[in-house]
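Below is one structure, written out as structure tokens; the observations come after it.
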Amino acid sequence: MPNNYNSFDEIDNQLKILSLERQIYKERIKLTLKSSKMNFNAINIKNEIKRALQEQLLTFVMNNLVKRFR
């Protein structure tokens, strides 16, 4: 639904608001990308792989123990 404006001042104010909102969204995107880059580093990747391997090893060991005691 289009807005109805009564003066150029109202249009200018709305354009300023939209411009500021756009700048806020850009800054949010920048912060999100920065945060993602910080979380996506070699140490975090190594820790995630280590955790996944530990879970797989534990599952394997538990399954073998259950099979032996049946």
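Letters A, B, ... mark the chains of the structure tokens in the order given; residue numbers begin at 1 per chain; ligand numbers begin at 1, in order shown.
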Review point. Could you pull out all residues of chain A with a DSSP call of helix (DSSP H, G or I) and give them as number ranges by chain?
Key: A: 8-39, 42-68
**Study point:** Nearby residues (only C-alpha atoms) at most 12 Å from Asn4 of chain A, same-chain spacing under 5 positions excluded, as number ranges by chain
**Key:** A: 10-11, 14
Keeping only N, CA, C and O atoms, take the residues you just selected and write them out as a compact mmCIF listing (two decimals), in the first residue's frame.
# COMPACT_ATOMS: atom_id res chain seq x y z
N GLU A 10 7.66 15.60 4.45
CA GLU A 10 7.28 14.25 4.85
C GLU A 10 8.02 13.21 4.01
O GLU A 10 8.47 12.19 4.54
N ILE A 11 8.14 13.48 2.73
CA ILE A 11 8.87 12.57 1.85
C ILE A 11 10.35 12.52 2.25
O ILE A 11 10.94 11.43 2.35
N GLN A 14 10.76 10.52 5.42
CA GLN A 14 10.63 9.08 5.15
C GLN A 14 11.88 8.54 4.46
O GLN A 14 12.35 7.45 4.78
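As for atom CA of Arg28 of chain A and atom CA of Asn13 of chain A, they are spaced 22.6 Å apart.
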Point to revise | Interatomic distance, atom CA of Arg51 of chain A to atom CA of Asn39 of chain A (Å, one decimal) | key: 15.9 Å
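Atom CA of Met38 of chain A is positioned 28.8 Å from atom CA of Ser19 of chain A.
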